[in-house]
file query.txt (compact mmCIF, C-alpha atoms)
# COMPACT_ATOMS: atom_id res chain seq x y z
CA MET A 1 33.22 21.52 5.88
CA ILE A 2 29.69 21.17 7.23
CA ASN A 3 29.32 18.24 4.81
CA ARG A 4 31.88 16.25 6.77
CA LEU A 5 29.90 16.77 9.93
CA THR A 6 26.67 15.51 8.44
CA ASP A 7 27.91 12.89 5.93
CA ALA A 8 27.86 10.09 8.47
CA LEU A 9 24.42 11.13 9.70
CA GLU A 10 23.12 11.32 6.14
CA PHE A 11 24.18 7.73 5.45
CA GLN A 12 22.72 6.44 8.72
CA SER A 13 19.43 8.21 8.18
CA GLN A 14 19.09 6.62 4.74
CA ALA A 15 19.84 3.23 6.25
CA LEU A 16 17.17 3.89 8.89
CA VAL A 17 14.55 4.75 6.26
CA LEU A 18 15.35 1.54 4.38
CA ARG A 19 15.17 -0.52 7.59
CA SER A 20 11.70 0.84 8.34
CA GLU A 21 10.71 0.18 4.72
CA ARG A 22 11.84 -3.45 5.07
CA GLN A 23 9.99 -3.70 8.37
CA ARG A 24 6.82 -2.58 6.58
CA MET A 25 7.23 -5.21 3.85
CA LEU A 26 7.77 -7.94 6.44
CA ALA A 27 4.66 -6.79 8.29
CA SER A 28 2.71 -7.06 5.02
CA ASN A 29 3.93 -10.63 4.60
CA ILE A 30 3.00 -11.62 8.15
CA ALA A 31 -0.42 -9.98 7.78
CA ASN A 32 -1.07 -12.02 4.62
CA ALA A 33 0.08 -15.37 6.01
CA ASP A 34 -3.44 -16.80 5.53
CA THR A 35 -4.40 -15.08 2.26
CA PRO A 36 -4.75 -17.55 -0.63
CA GLY A 37 -2.49 -16.79 -3.59
CA TYR A 38 -0.40 -14.13 -1.82
CA GLN A 39 3.31 -14.18 -2.68
CA ALA A 40 5.75 -13.01 -0.01
CA ARG A 41 7.89 -10.02 -0.98
CA GLU A 42 11.37 -9.21 0.22
CA LEU A 43 13.57 -6.12 0.18
CA ARG A 44 17.23 -6.71 -0.65
CA PHE A 45 18.71 -4.33 1.86
CA ALA A 46 22.23 -4.21 0.40
CA ASP A 47 20.99 -3.46 -3.13
CA ALA A 48 18.56 -0.83 -1.88
CA LEU A 49 21.16 0.92 0.27
CA ARG A 50 23.69 0.91 -2.57
CA ALA A 51 21.11 2.45 -4.91
CA VAL A 52 20.02 5.08 -2.40
CA THR A 53 23.56 6.18 -1.60
CA HIS A 54 24.58 5.97 -5.29
CA GLU A 55 27.61 3.82 -4.61
CA GLY A 56 29.03 1.02 -6.66
CA GLY A 57 27.37 1.81 -9.99
CA PRO A 58 24.16 0.31 -11.34
CA VAL A 59 22.18 -2.11 -9.27
CA HIS A 60 22.16 -5.74 -10.30
CA ASP A 61 19.37 -8.04 -9.26
CA ALA A 62 19.62 -11.80 -8.75
CA GLN A 63 19.34 -12.54 -12.47
CA GLY A 64 22.13 -10.08 -13.29
CA ALA A 65 19.74 -7.61 -14.91
CA VAL A 66 20.65 -3.99 -14.47
CA GLY A 67 18.08 -1.80 -12.80
CA PRO A 68 17.79 1.94 -13.45
CA SER A 69 20.06 4.07 -11.33
CA GLN A 70 20.27 7.82 -10.86
CA THR A 71 23.77 8.72 -12.04
CA ASN A 72 23.01 12.42 -12.40
CA SER A 73 21.21 14.61 -9.91
CA ARG A 74 18.91 15.85 -12.70
CA HIS A 75 17.69 12.36 -13.60
CA LEU A 76 14.05 11.73 -12.78
CA LEU A 77 13.43 9.23 -10.03
CA VAL A 78 11.68 6.20 -11.50
CA ASP A 79 11.04 4.57 -8.16
CA ASP A 80 9.02 5.39 -5.07
CA PRO A 81 9.78 8.42 -2.89
CA ASN A 82 12.02 6.43 -0.58
CA GLY A 83 14.29 5.83 -3.57
CA VAL A 84 14.06 2.07 -3.32
CA PRO A 85 14.75 0.65 -6.79
CA ALA A 86 12.17 -1.77 -8.12
CA SER A 87 14.96 -4.32 -8.65
CA ALA A 88 15.62 -4.40 -4.88
CA ARG A 89 12.07 -5.60 -4.26
CA VAL A 90 11.87 -9.28 -5.07
CA THR A 91 9.39 -12.05 -4.59
CA ALA A 92 10.66 -14.30 -1.83
CA MET A 93 11.53 -17.87 -2.80
CA GLN A 94 8.98 -20.38 -1.60
CA SER A 95 10.47 -23.06 0.61
CA GLN A 96 7.40 -25.28 0.73
CA THR A 97 4.43 -25.32 -1.59
CA SER A 98 1.01 -24.93 -0.05
CA LEU A 99 -2.42 -25.94 -1.28
CA ASP A 100 -3.71 -22.36 -1.45
CA SER A 101 -0.48 -21.20 -3.22
CA ASN A 102 0.35 -18.85 -0.37
CA GLY A 103 4.06 -18.08 -0.43
CA VAL A 104 4.65 -16.87 3.15
CA ASP A 105 7.12 -18.89 5.19
CA MET A 106 6.14 -17.79 8.70
CA ASP A 107 9.35 -18.99 10.39
CA ARG A 108 11.53 -17.09 7.95
CA GLU A 109 9.38 -13.97 8.10
CA ARG A 110 9.48 -13.88 11.88
CA ALA A 111 13.24 -14.41 11.92
CA SER A 112 13.70 -11.62 9.37
CA PHE A 113 11.37 -9.39 11.35
CA VAL A 114 13.35 -9.76 14.58
CA ASP A 115 16.64 -9.43 12.67
CA ASN A 116 15.45 -6.24 11.01
CA ALA A 117 14.12 -4.76 14.25
CA THR A 118 17.47 -5.36 15.93
CA LYS A 119 19.37 -3.76 13.07
CA TYR A 120 16.98 -0.81 13.12
CA GLU A 121 17.86 -0.28 16.78
CA ALA A 122 21.55 -0.63 15.97
CA THR A 123 21.25 2.11 13.34
CA LEU A 124 19.45 4.28 15.88
CA ARG A 125 22.35 3.81 18.29
CA PHE A 126 24.87 4.72 15.58
CA ILE A 127 22.95 7.94 14.98
CA ASN A 128 22.79 8.72 18.69
CA GLY A 129 26.52 8.02 18.99
CA THR A 130 27.35 10.30 16.07
CA VAL A 131 25.22 13.08 17.51
CA ARG A 132 26.86 12.71 20.90
CA THR A 133 30.37 12.75 19.38
CA THR A 134 29.56 15.89 17.40
CA LEU A 135 28.13 17.60 20.47
CA ASP A 136 31.17 16.62 22.54
CA SER A 137 33.55 18.02 19.94
CA MET A 138 31.67 21.31 19.94
CA ARG A 139 31.77 21.68 23.71
CA SER A 140 34.30 24.10 25.10
CA HIS A 141 37.31 22.67 26.93
CA ASN A 142 37.26 25.47 29.41
CA ALA A 143 33.76 24.77 30.56
CA ALA A 144 33.65 23.59 34.13
CA VAL A 145 33.02 19.88 34.42
CA MET B 1 6.91 7.02 7.58
CA SER B 2 6.93 3.30 6.96
CA LEU B 3 6.72 2.25 10.60
CA LEU B 4 3.40 4.03 11.15
CA GLU B 5 1.87 2.11 8.23
CA ILE B 6 2.61 -1.15 10.05
CA PHE B 7 -0.27 -0.32 12.37
CA ASP B 8 -2.62 -0.15 9.37
CA ILE B 9 -1.27 -3.41 7.92
CA SER B 10 -1.29 -5.44 11.12
CA GLY B 11 -4.49 -3.77 12.29
CA SER B 12 -6.31 -4.94 9.16
CA ALA B 13 -4.90 -8.45 9.68
CA VAL B 14 -5.96 -8.53 13.34
CA SER B 15 -9.47 -7.42 12.44
CA ALA B 16 -9.70 -10.02 9.64
CA GLN B 17 -8.47 -12.77 11.95
CA SER B 18 -10.93 -11.81 14.66
CA GLN B 19 -13.74 -11.96 12.10
CA ARG B 20 -12.52 -15.45 11.20
CA LEU B 21 -12.55 -16.36 14.90
CA ASN B 22 -16.08 -14.99 15.14
CA VAL B 23 -17.24 -17.23 12.28
CA VAL B 24 -15.52 -20.22 13.89
CA ALA B 25 -17.37 -19.48 17.13
CA SER B 26 -20.70 -19.38 15.26
CA ASN B 27 -19.92 -22.70 13.58
CA LEU B 28 -18.83 -24.41 16.79
CA ALA B 29 -21.88 -23.13 18.65
CA ASN B 30 -24.12 -24.63 15.96
CA VAL B 31 -22.34 -27.97 15.66
CA ASP B 32 -25.37 -29.86 17.05
CA THR B 33 -28.09 -27.59 15.70
CA VAL B 34 -30.89 -29.36 13.87
CA ALA B 35 -32.63 -26.38 12.29
CA GLY B 36 -31.54 -22.80 11.72
CA PRO B 37 -33.78 -19.73 11.77
CA ASP B 38 -34.99 -20.54 8.23
CA GLY B 39 -36.04 -24.06 9.16
CA ALA B 40 -33.20 -25.74 7.22
CA ALA B 41 -30.15 -27.23 8.94
CA TYR B 42 -27.33 -24.78 9.78
CA LYS B 43 -24.59 -24.53 7.13
CA ALA B 44 -20.97 -23.97 8.20
CA ARG B 45 -19.58 -20.57 7.18
CA HIS B 46 -16.03 -19.76 6.09
CA VAL B 47 -14.32 -16.40 5.58
CA VAL B 48 -12.30 -15.71 2.41
CA PHE B 49 -9.25 -13.48 2.87
CA GLN B 50 -8.08 -11.05 0.22
CA THR B 51 -4.98 -8.84 -0.01
CA HIS B 52 -5.90 -5.19 0.37
CA LEU B 53 -3.25 -2.89 -1.13
CA PHE B 54 -2.97 0.65 0.08
CA GLY B 55 -0.12 3.06 -0.59
CA PRO B 56 0.74 6.37 1.00
CA GLN B 57 1.08 8.10 -2.35
CA VAL B 58 -1.01 7.98 -5.50
CA GLY B 59 0.93 6.70 -8.48
CA MET B 60 3.40 4.70 -6.46
CA PRO B 61 4.40 1.35 -7.98
CA ALA B 62 2.27 -1.51 -6.72
CA GLU B 63 5.25 -3.39 -5.30
CA GLY B 64 5.96 -0.45 -3.02
CA SER B 65 2.53 -0.33 -1.44
CA SER B 66 1.45 -1.87 1.84
CA ALA B 67 -0.43 -5.15 1.75
CA GLY B 68 -3.14 -5.46 4.36
CA VAL B 69 -5.87 -8.08 4.56
CA ARG B 70 -9.63 -7.92 4.44
CA VAL B 71 -12.42 -10.46 4.41
CA SER B 72 -13.80 -10.41 0.86
CA THR B 73 -16.74 -12.77 1.37
CA VAL B 74 -18.19 -15.23 3.85
CA THR B 75 -19.11 -18.44 2.03
CA GLU B 76 -21.50 -21.16 3.09
CA ASP B 77 -20.39 -24.77 3.09
CA ASP B 78 -22.49 -26.81 0.61
CA ARG B 79 -21.71 -30.25 1.95
CA PRO B 80 -24.75 -32.27 3.08
CA GLY B 81 -25.47 -32.23 6.79
CA ARG B 82 -25.02 -35.15 9.15
CA ARG B 83 -28.10 -37.45 9.08
CA VAL B 84 -29.01 -39.46 12.16
CA HIS B 85 -31.79 -42.03 12.42
CA ASP B 86 -33.99 -40.90 15.33
CA PRO B 87 -37.74 -41.33 14.61
CA LYS B 88 -38.79 -39.95 17.99
CA HIS B 89 -37.14 -36.57 17.31
CA PRO B 90 -39.66 -33.80 16.58
CA GLN B 91 -37.59 -32.65 13.54
CA ALA B 92 -37.38 -36.15 12.02
CA ASP B 93 -38.45 -36.50 8.37
CA ALA B 94 -40.77 -39.15 6.89
CA ASP B 95 -37.99 -41.79 6.93
CA GLY B 96 -37.16 -41.05 10.59
CA TYR B 97 -33.89 -39.20 9.85
CA VAL B 98 -32.82 -35.96 11.50
CA THR B 99 -30.49 -33.65 9.55
CA TYR B 100 -27.90 -31.93 11.72
CA SER B 101 -25.62 -29.07 10.65
CA ASN B 102 -22.64 -29.84 8.39
CA VAL B 103 -20.08 -28.28 10.78
CA SER B 104 -16.95 -30.39 11.26
CA SER B 105 -15.76 -29.67 14.78
CA VAL B 106 -12.23 -30.91 14.00
CA GLU B 107 -11.89 -28.50 11.06
CA GLU B 108 -13.24 -25.66 13.16
CA MET B 109 -10.81 -26.33 16.01
CA VAL B 110 -7.88 -26.30 13.54
CA ASN B 111 -9.24 -23.07 12.08
CA MET B 112 -9.51 -21.56 15.54
CA ILE B 113 -5.90 -22.39 16.46
CA SER B 114 -4.64 -21.04 13.14
CA ALA B 115 -6.62 -17.80 13.56
CA SER B 116 -5.43 -17.32 17.12
CA ARG B 117 -1.76 -17.87 16.17
CA SER B 118 -2.00 -15.40 13.29
CA TYR B 119 -3.68 -12.90 15.60
CA GLN B 120 -0.83 -13.24 18.10
CA ASN B 121 1.77 -12.83 15.35
CA ASN B 122 0.24 -9.58 14.19
CA VAL B 123 -0.09 -8.20 17.71
CA GLU B 124 3.60 -8.92 18.20
CA VAL B 125 4.41 -7.10 14.96
CA MET B 126 2.51 -4.06 16.23
CA ASN B 127 4.28 -4.17 19.59
CA THR B 128 7.69 -4.28 17.87
CA ALA B 129 6.75 -1.36 15.62
CA LYS B 130 5.57 0.59 18.66
CA SER B 131 8.79 0.07 20.61
CA LEU B 132 10.89 0.97 17.53
CA LEU B 133 8.87 4.17 17.08
CA GLN B 134 9.31 5.11 20.71
CA LYS B 135 13.06 4.61 20.43
CA THR B 136 13.06 6.72 17.27
CA LEU B 137 11.23 9.50 19.09
CA ALA B 138 13.86 9.42 21.85
CA MET B 139 16.64 9.88 19.27
CA GLY B 140 19.32 12.38 20.26
CA GLN B 141 18.21 12.62 23.88

call {"tool": "encode", "arguments": {"input": "query.txt", "output": "structure tokens"}}
result
Amino acid sequence: MINRLTDALEFQSQALVLRSERQRMLASNIANADTPGYQARELRFADALRAVTHEGGPVHDAQGAVGPSQTNSRHLLVDDPNGVPASARVTAMQSQTSLDSNGVDMDRERASFVDNATKYEATLRFINGTVRTTLDSMRSHNAAV
Amino acid sequence: MSLLEIFDISGSAVSAQSQRLNVVASNLANVDTVAGPDGAAYKARHVVFQTHLFGPQVGMPAEGSSAGVRVSTVTEDDRPGRRVHDPKHPQADADGYVTYSNVSSVEEMVNMISASRSYQNNVEVMNTAKSLLQKTLAMGQ
């Protein structure tokens, strides 16, 4: 019973962790915009969330290769503590080649950064809304308004 | 907590960019210098950036770690300096030529604008991370 109360929160909190993880990767890309030879990295949010919540079977990356997934709770985690599968972390495609072989497209990174920040805030609001709904449902009807 | 690491990442980038700006300032200040402290003409300096990986946990895969920036070396430009015929100059050589520094002011201005834009970008990243963290702290209130 208590599971049903916290299931929605559990999902949202995992989404929030992944959003902050993606924010960190985008910050790394923006920080290395002038580093020669650096290749931009990207987190596939949908793949990562599917892997973390163990939905939809094994994770496929862009090439169709199957990444390791934890189908049993006793399986050892092969990925980092946030549970992000290695197949969800990809090297971003380069839109224009540069002389110092730096692969950061600043326009795209900034757009992704703002997009991700907005979605992080949206997830925060979902969590706040869920908490408020739960609190409202627990409040007594007889209490004076 | 991934958001807190953003301050390390962008902080390293801001410090690297300000070092680059510092070198640009030195170069621009010496654009018309004839002789440096060692007697030879001033040589333009350039910073070399390098990715600096740091992860919160030991043994984490490299692709999961944070990528900051640091200045690995400061190199000296080896191009010959500008030579101007001016026999009356006290630093003129036997042929009457004065060797100025090899700083290209156009290159340095471009470098300065690039450094300042990157600096601004990273400050904005830190501001966004800060406001997201504050909203996270206010969760459930």

call {"tool": "closest_atom_pairs", "arguments": {"input": "query.txt", "of": "chain A", "to": "chain B", "cutoff": "8 Å", "atoms": "all atoms listed in the file", "output": "JSON lines"}}
result
{"residue": "A:Val17", "atom": "CA", "partner": "B:Ser2", "partner_atom": "CA", "distance": 7.8}
{"residue": "A:Ser20", "atom": "CA", "partner": "B:Ser2", "partner_atom": "CA", "distance": 5.5}
{"residue": "A:Glu21", "atom": "CA", "partner": "B:Ser2", "partner_atom": "CA", "distance": 5.4}
{"residue": "A:Gln23", "atom": "CA", "partner": "B:Leu3", "partner_atom": "CA", "distance": 7.1}
{"residue": "A:Arg24", "atom": "CA", "partner": "B:Ile6", "partner_atom": "CA", "distance": 5.6}
{"residue": "A:Met25", "atom": "CA", "partner": "B:Ser66", "partner_atom": "CA", "distance": 7.0}
{"residue": "A:Ala27", "atom": "CA", "partner": "B:Ile6", "partner_atom": "CA", "distance": 6.3}
{"residue": "A:Ser28", "atom": "CA", "partner": "B:Ala67", "partner_atom": "CA", "distance": 4.9}
{"residue": "A:Asn29", "atom": "CA", "partner": "B:Ala67", "partner_atom": "CA", "distance": 7.6}
{"residue": "A:Ile30", "atom": "CA", "partner": "B:Asn122", "partner_atom": "CA", "distance": 6.9}
{"residue": "A:Ala31", "atom": "CA", "partner": "B:Ala13", "partner_atom": "CA", "distance": 5.1}
{"residue": "A:Asn32", "atom": "CA", "partner": "B:Val69", "partner_atom": "CA", "distance": 6.2}
{"residue": "A:Ala33", "atom": "CA", "partner": "B:Ser118", "partner_atom": "CA", "distance": 7.6}
{"residue": "A:Asp34", "atom": "CA", "partner": "B:Phe49", "partner_atom": "CA", "distance": 7.2}
{"residue": "A:Thr35", "atom": "CA", "partner": "B:Phe49", "partner_atom": "CA", "distance": 5.1}
{"residue": "A:Pro36", "atom": "CA", "partner": "B:Phe49", "partner_atom": "CA", "distance": 7.0}
{"residue": "A:Tyr38", "atom": "CA", "partner": "B:Thr51", "partner_atom": "CA", "distance": 7.2}
{"residue": "A:Asp79", "atom": "CA", "partner": "B:Pro61", "partner_atom": "CA", "distance": 7.4}
{"residue": "A:Asp80", "atom": "CA", "partner": "B:Met60", "partner_atom": "CA", "distance": 5.8}
{"residue": "A:Ala86", "atom": "CA", "partner": "B:Glu63", "partner_atom": "CA", "distance": 7.6}
{"residue": "A:Arg89", "atom": "CA", "partner": "B:Glu63", "partner_atom": "CA", "distance": 7.2}
{"residue": "A:Ala117", "atom": "CA", "partner": "B:Leu132", "partner_atom": "CA", "distance": 7.4}
{"residue": "A:Tyr120", "atom": "CA", "partner": "B:Leu132", "partner_atom": "CA", "distance": 7.7}
{"residue": "A:Glu121", "atom": "CA", "partner": "B:Leu132", "partner_atom": "CA", "distance": 7.1}
{"residue": "A:Leu124", "atom": "CA", "partner": "B:Thr136", "partner_atom": "CA", "distance": 7.0}
{"residue": "A:Ile127", "atom": "CA", "partner": "B:Gly140", "partner_atom": "CA", "distance": 7.8}
{"residue": "A:Asn128", "atom": "CA", "partner": "B:Gly140", "partner_atom": "CA", "distance": 5.3}
{"residue": "A:Val131", "atom": "CA", "partner": "B:Gly140", "partner_atom": "CA", "distance": 6.5}
{"residue": "A:Arg132", "atom": "CA", "partner": "B:Gly140", "partner_atom": "CA", "distance": 7.6}

call {"tool": "write_last_selection", "arguments": {"input": "query.txt", "atoms": "C-alpha atoms", "output": "mmCIF file, in the frame of the given file"}}
result
data_model
loop_
_atom_site.group_PDB
_atom_site.id
_atom_site.type_symbol
_atom_site.label_atom_id
_atom_site.label_comp_id
_atom_site.auth_asym_id
_atom_site.auth_seq_id
_atom_site.Cartn_x
_atom_site.Cartn_y
_atom_site.Cartn_z
ATOM 1 C CA VAL A 17 14.550 4.750 6.260
ATOM 2 C CA SER A 20 11.700 0.840 8.340
ATOM 3 C CA GLU A 21 10.710 0.180 4.720
ATOM 4 C CA GLN A 23 9.990 -3.700 8.370
ATOM 5 C CA ARG A 24 6.820 -2.580 6.580
ATOM 6 C CA MET A 25 7.230 -5.210 3.850
ATOM 7 C CA ALA A 27 4.660 -6.790 8.290
ATOM 8 C CA SER A 28 2.710 -7.060 5.020
ATOM 9 C CA ASN A 29 3.930 -10.630 4.600
ATOM 10 C CA ILE A 30 3.000 -11.620 8.150
ATOM 11 C CA ALA A 31 -0.420 -9.980 7.780
ATOM 12 C CA ASN A 32 -1.070 -12.020 4.620
ATOM 13 C CA ALA A 33 0.080 -15.370 6.010
ATOM 14 C CA ASP A 34 -3.440 -16.800 5.530
ATOM 15 C CA THR A 35 -4.400 -15.080 2.260
ATOM 16 C CA PRO A 36 -4.750 -17.550 -0.630
ATOM 17 C CA TYR A 38 -0.400 -14.130 -1.820
ATOM 18 C CA ASP A 79 11.040 4.570 -8.160
ATOM 19 C CA ASP A 80 9.020 5.390 -5.070
ATOM 20 C CA ALA A 86 12.170 -1.770 -8.120
ATOM 21 C CA ARG A 89 12.070 -5.600 -4.260
ATOM 22 C CA ALA A 117 14.120 -4.760 14.250
ATOM 23 C CA TYR A 120 16.980 -0.810 13.120
ATOM 24 C CA GLU A 121 17.860 -0.280 16.780
ATOM 25 C CA LEU A 124 19.450 4.280 15.880
ATOM 26 C CA ILE A 127 22.950 7.940 14.980
ATOM 27 C CA ASN A 128 22.790 8.720 18.690
ATOM 28 C CA VAL A 131 25.220 13.080 17.510
ATOM 29 C CA ARG A 132 26.860 12.710 20.900
#

call {"tool": "atom_distance", "arguments": {"input": "query.txt", "atom1": "CA of Asn3 in chain A", "atom2": "CA of His54 in chain A"}}
result
16.6 Å

call {"tool": "closest_residue", "arguments": {"input": "query.txt", "among": "A:Leu49, A:Ala88, A:Met93, A:Leu135", "to": "Ser13 in chain A", "atoms": "only C-alpha atoms"}}
result
A:Leu49

call {"tool": "atom_distance", "arguments": {"input": "query.txt", "atom1": "CA of Val106 in chain B", "atom2": "CA of Arg110 in chain A"}}
result
27.7 Å

call {"tool": "axis_aligned_box", "arguments": {"input": "query.txt", "around": "range 42-57 of chain B", "padding_each_side": "5 Å", "output": "AutoDock Vina command-line options"}}
result
--center_x -13.1 --center_y -8.3 --center_z 3.7 --size_x 38.4 --size_y 42.9 --size_z 22.1

call {"tool": "atom_distance", "arguments": {"input": "query.txt", "atom1": "CA of Thr123 in chain A", "atom2": "CA of Val104 in chain A"}}
result
27.2 Å
